[in-house]
>>> print(open('entry23.txt').read())   # compact mmCIF, C-alpha atoms
# COMPACT_ATOMS: atom_id res chain seq x y z
CA MET Q 21 -27.60 -13.39 -37.35
CA ILE Q 22 -27.07 -13.89 -41.08
CA ASP Q 23 -29.49 -15.65 -43.40
CA PHE Q 24 -27.11 -18.37 -44.56
CA LEU Q 25 -28.90 -19.17 -47.80
CA GLU Q 26 -29.01 -15.52 -48.88
CA PHE Q 27 -25.34 -15.16 -47.97
CA LEU Q 28 -24.40 -18.11 -50.19
CA LYS Q 29 -26.62 -17.00 -53.06
CA ASN Q 30 -24.99 -13.55 -53.04
CA ASN Q 31 -21.39 -14.76 -52.75
CA PRO Q 32 -20.17 -16.58 -55.88
CA TYR Q 33 -16.87 -17.70 -54.36
CA PRO Q 34 -16.31 -18.05 -50.60
CA GLY Q 35 -13.92 -20.92 -51.45
CA ARG Q 36 -14.14 -23.64 -48.83
CA GLY Q 37 -16.58 -23.28 -45.95
CA ILE Q 38 -17.33 -24.89 -42.58
CA ALA Q 39 -20.61 -24.41 -40.72
CA VAL Q 40 -21.17 -25.96 -37.29
CA GLY Q 41 -24.21 -25.82 -35.03
CA ASN Q 42 -26.27 -27.94 -32.69
CA ALA Q 43 -25.81 -31.49 -34.04
CA ARG Q 44 -25.21 -30.09 -37.54
CA VAL Q 45 -22.00 -29.84 -39.55
CA TYR Q 46 -21.63 -28.68 -43.16
CA TYR Q 47 -18.45 -28.53 -45.22
CA PHE Q 48 -18.27 -27.48 -48.87
CA ILE Q 49 -15.59 -26.99 -51.48
CA MET Q 50 -15.69 -24.75 -54.53
CA GLY Q 51 -13.26 -24.41 -57.41
CA ARG Q 52 -12.25 -22.07 -60.22
CA SER Q 53 -9.54 -24.12 -61.93
CA GLU Q 54 -10.05 -27.41 -63.76
CA ASN Q 55 -7.86 -29.12 -61.16
CA SER Q 56 -9.93 -27.84 -58.23
CA ARG Q 57 -13.22 -28.67 -59.90
CA ASN Q 58 -12.11 -32.21 -60.76
CA ARG Q 59 -13.04 -33.60 -57.33
CA ILE Q 60 -15.69 -35.54 -55.47
CA PHE Q 61 -16.27 -36.46 -51.83
CA VAL Q 62 -16.24 -40.17 -50.98
CA GLU Q 63 -17.00 -41.81 -47.64
CA THR Q 64 -14.33 -43.51 -45.53
CA GLU Q 65 -14.53 -45.55 -42.34
CA ASP Q 66 -14.06 -42.45 -40.18
CA GLY Q 67 -15.35 -39.64 -42.39
CA ILE Q 68 -14.73 -38.54 -45.98
CA ARG Q 69 -11.88 -37.83 -48.37
CA THR Q 70 -11.53 -35.94 -51.61
CA GLN Q 71 -10.87 -37.89 -54.77
CA ALA Q 72 -10.20 -37.00 -58.40
CA HIS Q 73 -13.33 -37.44 -60.48
CA ASP Q 74 -11.21 -37.99 -63.59
CA PRO Q 75 -7.70 -39.18 -62.57
CA ALA Q 76 -6.37 -38.37 -66.04
CA LYS Q 77 -7.05 -34.67 -65.47
CA MET Q 78 -5.39 -34.48 -62.05
CA LYS Q 79 -2.38 -32.14 -62.16
CA ASP Q 80 -1.22 -31.36 -58.62
CA PRO Q 81 -2.87 -33.32 -55.78
CA SER Q 82 -0.82 -31.74 -52.97
CA LEU Q 83 -3.40 -29.19 -51.79
CA ILE Q 84 -6.65 -30.69 -53.05
CA ILE Q 85 -6.55 -34.37 -52.03
CA TYR Q 86 -7.03 -34.86 -48.29
CA HIS Q 87 -9.44 -36.07 -45.59
CA PRO Q 88 -11.74 -33.13 -44.78
CA VAL Q 89 -13.68 -35.01 -42.09
CA ARG Q 90 -12.53 -37.55 -39.50
CA GLU Q 91 -14.41 -38.93 -36.50
CA THR Q 92 -12.29 -39.38 -33.36
CA GLU Q 93 -12.87 -40.33 -29.74
CA LYS Q 94 -13.11 -36.63 -28.84
CA GLY Q 95 -15.46 -35.69 -31.64
CA LEU Q 96 -15.62 -34.65 -35.29
CA ILE Q 97 -12.74 -32.88 -37.05
CA VAL Q 98 -13.54 -30.83 -40.18
CA THR Q 99 -10.89 -28.93 -42.16
CA ASN Q 100 -9.95 -27.76 -45.66
CA GLY Q 101 -6.63 -29.62 -45.81
CA ASN Q 102 -4.33 -32.27 -44.43
CA GLN Q 103 -4.33 -30.52 -41.05
CA THR Q 104 -7.23 -32.88 -40.31
CA ASP Q 105 -4.64 -35.58 -39.76
CA THR Q 106 -2.41 -33.26 -37.71
CA ILE Q 107 -5.29 -32.53 -35.32
CA ARG Q 108 -6.17 -36.22 -35.06
CA ASP Q 109 -2.57 -37.26 -34.40
CA TYR Q 110 -1.90 -34.56 -31.79
CA GLY Q 111 -5.19 -35.10 -30.02
CA ASP Q 112 -5.23 -31.39 -29.15
CA PHE Q 113 -6.85 -28.89 -31.51
CA ARG Q 114 -4.84 -25.79 -30.61
CA LYS Q 115 -1.46 -27.50 -30.16
CA ALA Q 116 -1.83 -29.23 -33.50
CA LEU Q 117 -2.62 -26.05 -35.41
CA MET Q 118 0.25 -24.16 -33.79
CA THR Q 119 2.49 -26.42 -35.90
CA ARG Q 120 0.75 -25.51 -39.19
CA GLU Q 121 0.29 -22.41 -41.33
CA TYR Q 122 -1.56 -21.14 -44.40
CA GLU Q 123 -1.21 -22.86 -47.77
CA PRO Q 124 1.81 -21.91 -49.93
CA ASP Q 125 -0.28 -21.02 -53.00
CA CYS Q 126 1.03 -17.52 -53.74
CA PRO Q 127 -0.52 -14.98 -54.29
CA ASN Q 128 -3.71 -16.21 -52.57
CA PHE Q 129 -2.04 -17.90 -49.58
CA THR Q 130 -5.26 -19.80 -48.93
CA PRO Q 131 -6.07 -19.89 -45.21
CA ARG Q 132 -6.36 -23.22 -43.44
CA ILE Q 133 -9.74 -23.39 -41.73
CA SER Q 134 -10.53 -26.04 -39.14
CA ALA Q 135 -13.26 -27.02 -36.71
CA MET Q 136 -13.62 -29.53 -33.91
CA LEU Q 137 -17.12 -30.42 -32.75
CA TYR Q 138 -16.93 -32.15 -29.38
CA ARG Q 139 -19.35 -34.76 -28.11
CA ASP Q 140 -20.76 -32.40 -25.47
CA GLY Q 141 -21.88 -29.96 -28.19
CA SER Q 142 -19.07 -27.45 -27.71
CA ALA Q 143 -16.83 -26.51 -30.61
CA GLU Q 144 -13.55 -24.88 -31.57
CA LEU Q 145 -12.82 -23.17 -34.88
CA SER Q 146 -9.58 -21.82 -36.27
CA ILE Q 147 -8.20 -19.96 -39.26
CA LEU Q 148 -4.50 -19.76 -40.15
CA LYS Q 149 -3.83 -16.96 -42.62
CA GLU Q 150 -1.02 -14.88 -44.06
CA LYS Q 151 -0.43 -11.38 -42.74
CA ASP Q 152 2.66 -9.34 -43.61
CA GLY Q 153 4.61 -12.47 -44.49
CA ARG Q 154 3.80 -14.21 -41.20
CA CYS Q 155 1.13 -16.65 -40.07
CA LEU Q 156 -1.74 -15.23 -38.05
CA ARG Q 157 -3.44 -17.98 -36.07
CA GLU Q 158 -6.93 -17.24 -34.76
CA PHE Q 159 -8.97 -19.51 -32.50
CA PHE Q 160 -12.65 -19.33 -31.52
CA CYS Q 161 -14.31 -21.44 -28.81
CA TYR Q 162 -18.05 -22.04 -28.35
CA GLU Q 163 -19.71 -23.73 -25.40
CA GLY Q 164 -22.62 -24.79 -27.59
CA PHE Q 165 -25.30 -23.55 -29.98
CA GLU Q 166 -29.01 -22.85 -29.85
CA GLU Q 167 -31.26 -25.10 -31.92
CA GLY Q 168 -31.19 -24.07 -35.57
CA LYS Q 169 -28.24 -21.70 -35.17
CA GLY Q 170 -24.51 -21.98 -35.76
CA VAL Q 171 -21.36 -20.28 -37.00
CA PHE Q 172 -19.64 -20.21 -40.38
CA LEU Q 173 -16.02 -19.81 -41.44
CA SER Q 174 -14.70 -19.76 -45.01
CA THR Q 175 -11.34 -19.39 -46.69
CA TYR Q 176 -12.23 -16.23 -48.62
CA GLN Q 177 -14.49 -13.22 -48.26
CA GLY Q 178 -15.48 -13.61 -51.91
CA PRO Q 179 -13.98 -13.34 -55.40
CA GLY Q 180 -10.96 -11.15 -56.14
CA GLU Q 181 -7.42 -11.09 -57.47
CA PRO Q 182 -5.77 -12.18 -55.27
CA LEU Q 183 -8.58 -13.81 -53.33
CA PRO Q 184 -9.23 -11.88 -50.07
CA SER Q 185 -8.90 -14.04 -46.96
CA PHE Q 186 -11.82 -14.34 -44.55
CA ALA Q 187 -11.67 -11.59 -41.91
CA GLY Q 188 -13.17 -11.24 -38.44
CA GLU Q 189 -15.05 -13.67 -36.25
CA PRO Q 190 -17.00 -16.63 -37.68
CA LEU Q 191 -20.40 -15.48 -38.91
CA GLU Q 192 -23.47 -16.25 -36.81
CA ILE Q 193 -25.92 -18.03 -39.10
CA ASP Q 194 -29.08 -20.07 -39.19
CA MET Q 195 -28.58 -23.74 -40.18
CA PRO Q 196 -30.88 -24.57 -43.13
CA ASP Q 197 -31.57 -28.05 -44.46
CA PRO Q 198 -28.75 -29.66 -46.48
CA ASP Q 199 -30.62 -29.65 -49.80
CA ALA Q 200 -31.21 -25.91 -49.51
CA VAL Q 201 -27.52 -25.25 -48.79
CA TRP Q 202 -26.45 -27.22 -51.85
CA ALA Q 203 -28.96 -25.36 -54.03
CA ALA Q 204 -27.77 -21.98 -52.72
CA LEU Q 205 -24.10 -22.51 -53.62
CA ASN Q 206 -22.99 -20.91 -56.88
CA ALA Q 207 -23.82 -23.33 -59.70
CA ASP Q 208 -20.61 -22.64 -61.65
CA ASN Q 209 -18.16 -22.87 -58.77
CA LYS Q 210 -19.58 -25.44 -56.35
CA VAL Q 211 -17.91 -28.85 -56.33
CA SER Q 212 -18.98 -30.90 -53.30
CA LEU Q 213 -20.84 -30.64 -49.99
CA TYR Q 214 -20.74 -32.83 -46.87
CA THR Q 215 -23.54 -32.55 -44.34
CA LYS Q 216 -24.17 -34.29 -41.05
CA VAL Q 217 -27.48 -33.70 -39.28
CA GLY Q 218 -27.65 -35.79 -36.15
CA LYS Q 219 -26.31 -39.12 -37.37
CA GLU Q 220 -27.47 -38.68 -40.98
CA ILE Q 221 -24.67 -37.98 -43.46
CA LYS Q 222 -25.22 -36.74 -47.01
CA LEU Q 223 -22.68 -36.16 -49.78
CA TYR Q 224 -23.38 -33.92 -52.76
CA ASN Q 225 -21.08 -34.02 -55.78
CA LYS Q 226 -21.60 -31.83 -58.82
CA ASN Q 227 -19.45 -34.16 -60.93
CA LEU Q 228 -21.79 -37.04 -60.14
CA GLY Q 229 -24.86 -35.08 -61.14
CA ASP Q 230 -26.12 -34.12 -57.69
>>> encode(input="entry23.txt", output="structure tokens")
Amino acid sequence: MIDFLEFLKNNPYPGRGIAVGNARVYYFIMGRSENSRNRIFVETEDGIRTQAHDPAKMKDPSLIIYHPVRETEKGLIVTNGNQTDTIRDYGDFRKALMTREYEPDCPNFTPRISAMLYRDGSAELSILKEKDGRCLREFFCYEGFEEGKGVFLSTYQGPGEPLPSFAGEPLEIDMPDPDAVWAALNADNKVSLYTKVGKEIKLYNKNLGD
């Protein structure tokens, strides 16, 4: 099992990340460009959405404005893109993601990462990434998690040119307190963090001084 805080402190740019565990869900976004960093999380009736902090600086909203989190009858959907809505509309995690692929942001081809945390404590995670010009779709299913433990999936392994896509199975991690996770993220690159512990939701936004 990986010490999640040490992992984050030692990785300046994992990109976007999803961590799920027993009654805990974390989702963070990071950014290198002005456009990516110009965002905040705001609450909605069924979850959260991204929003431009300064609308005048927004250049291309197509891949950075979306609903990362939506609550449904089946459970909580968490993703790094508009596939959140695809999963909600299909009502089936795997079938929905079989219709999607990685982001068209050459040369990085950012993977689409997604998670579904069901009401019985089980979870499904997925990553859709580019490989040899085709889409590799990987799915991981978990019957549940021990108290204080979970799994983590990110878009990238770390910094690079182009950015190297996450590889392998989701990492087995401990699930620290939300404040500690926010503090561990790289100060230059972190943008926002959503956490849900039990029924308590917290939003952290660098642009709002959090």
>>> closest_atom_pairs(input="entry23.txt", of="segment 59-111 of chain Q", to="segment 118-138 of chain Q", cutoff="9 Å", atoms="all atoms listed in the file", output="tab-separated table")
residue	atom	partner	partner_atom	distance
Q:Leu83	CA	Q:Glu123	CA	7.8
Q:Lys94	CA	Q:Tyr138	CA	5.9
Q:Gly95	CA	Q:Tyr138	CA	4.4
Q:Leu96	CA	Q:Leu137	CA	5.2
Q:Ile97	CA	Q:Met136	CA	4.7
Q:Val98	CA	Q:Ala135	CA	5.2
Q:Thr99	CA	Q:Ser134	CA	4.2
Q:Asn100	CA	Q:Ile133	CA	5.9
Q:Gly101	CA	Q:Arg132	CA	6.8
Q:Gln103	CA	Q:Arg120	CA	7.4
Q:Thr104	CA	Q:Ser134	CA	7.7
Q:Thr106	CA	Q:Arg120	CA	8.5
Q:Ile107	CA	Q:Met136	CA	9.0
>>> atom_distance(input="entry23.txt", atom1="atom CA of Arg52 of chain Q", atom2="atom CA of Cys155 of chain Q")
24.8 Å
>>> atom_distance(input="entry23.txt", atom1="atom CA of Ile193 of chain Q", atom2="atom CA of Leu28 of chain Q")
11.2 Å
>>> atom_distance(input="entry23.txt", atom1="atom CA of Tyr33 of chain Q", atom2="atom CA of Ser174 of chain Q")
9.8 Å
>>> closest_residue(input="entry23.txt", among="Q:Val62, Q:Val89, Q:Ile147, Q:Leu156", to="Lys216 of chain Q", atoms="all atoms listed in the file")
Q:Val89
>>> residues_around(input="entry23.txt", residues="Arg114 of chain Q", least_positions_apart="3", cutoff="10 Å", atoms="all atoms listed in the file", output="list in words")
Ile107, Tyr110, Gly111, Leu117, Met118, Thr119, Glu144, Leu145, Ser146, Arg157, Glu158 and Phe159 of chain Q
>>> closest_residue(input="entry23.txt", among="Q:Lys222, Q:Lys149, Q:Lys29, Q:Lys210", to="Ala187 of chain Q", atoms="all atoms listed in the file")
Q:Lys149
>>> residues_around(input="entry23.txt", residues="Pro75 of chain Q", least_positions_apart="5", cutoff="12 Å", atoms="all atoms listed in the file", output="ChimeraX atom specification")
/Q:55,58-60,80-81,85
>>> closest_residue(input="entry23.txt", among="Q:Leu25, Q:Ala43, Q:Val171, Q:Leu228", to="Trp202 of chain Q", atoms="all atoms listed in the file")
Q:Leu25
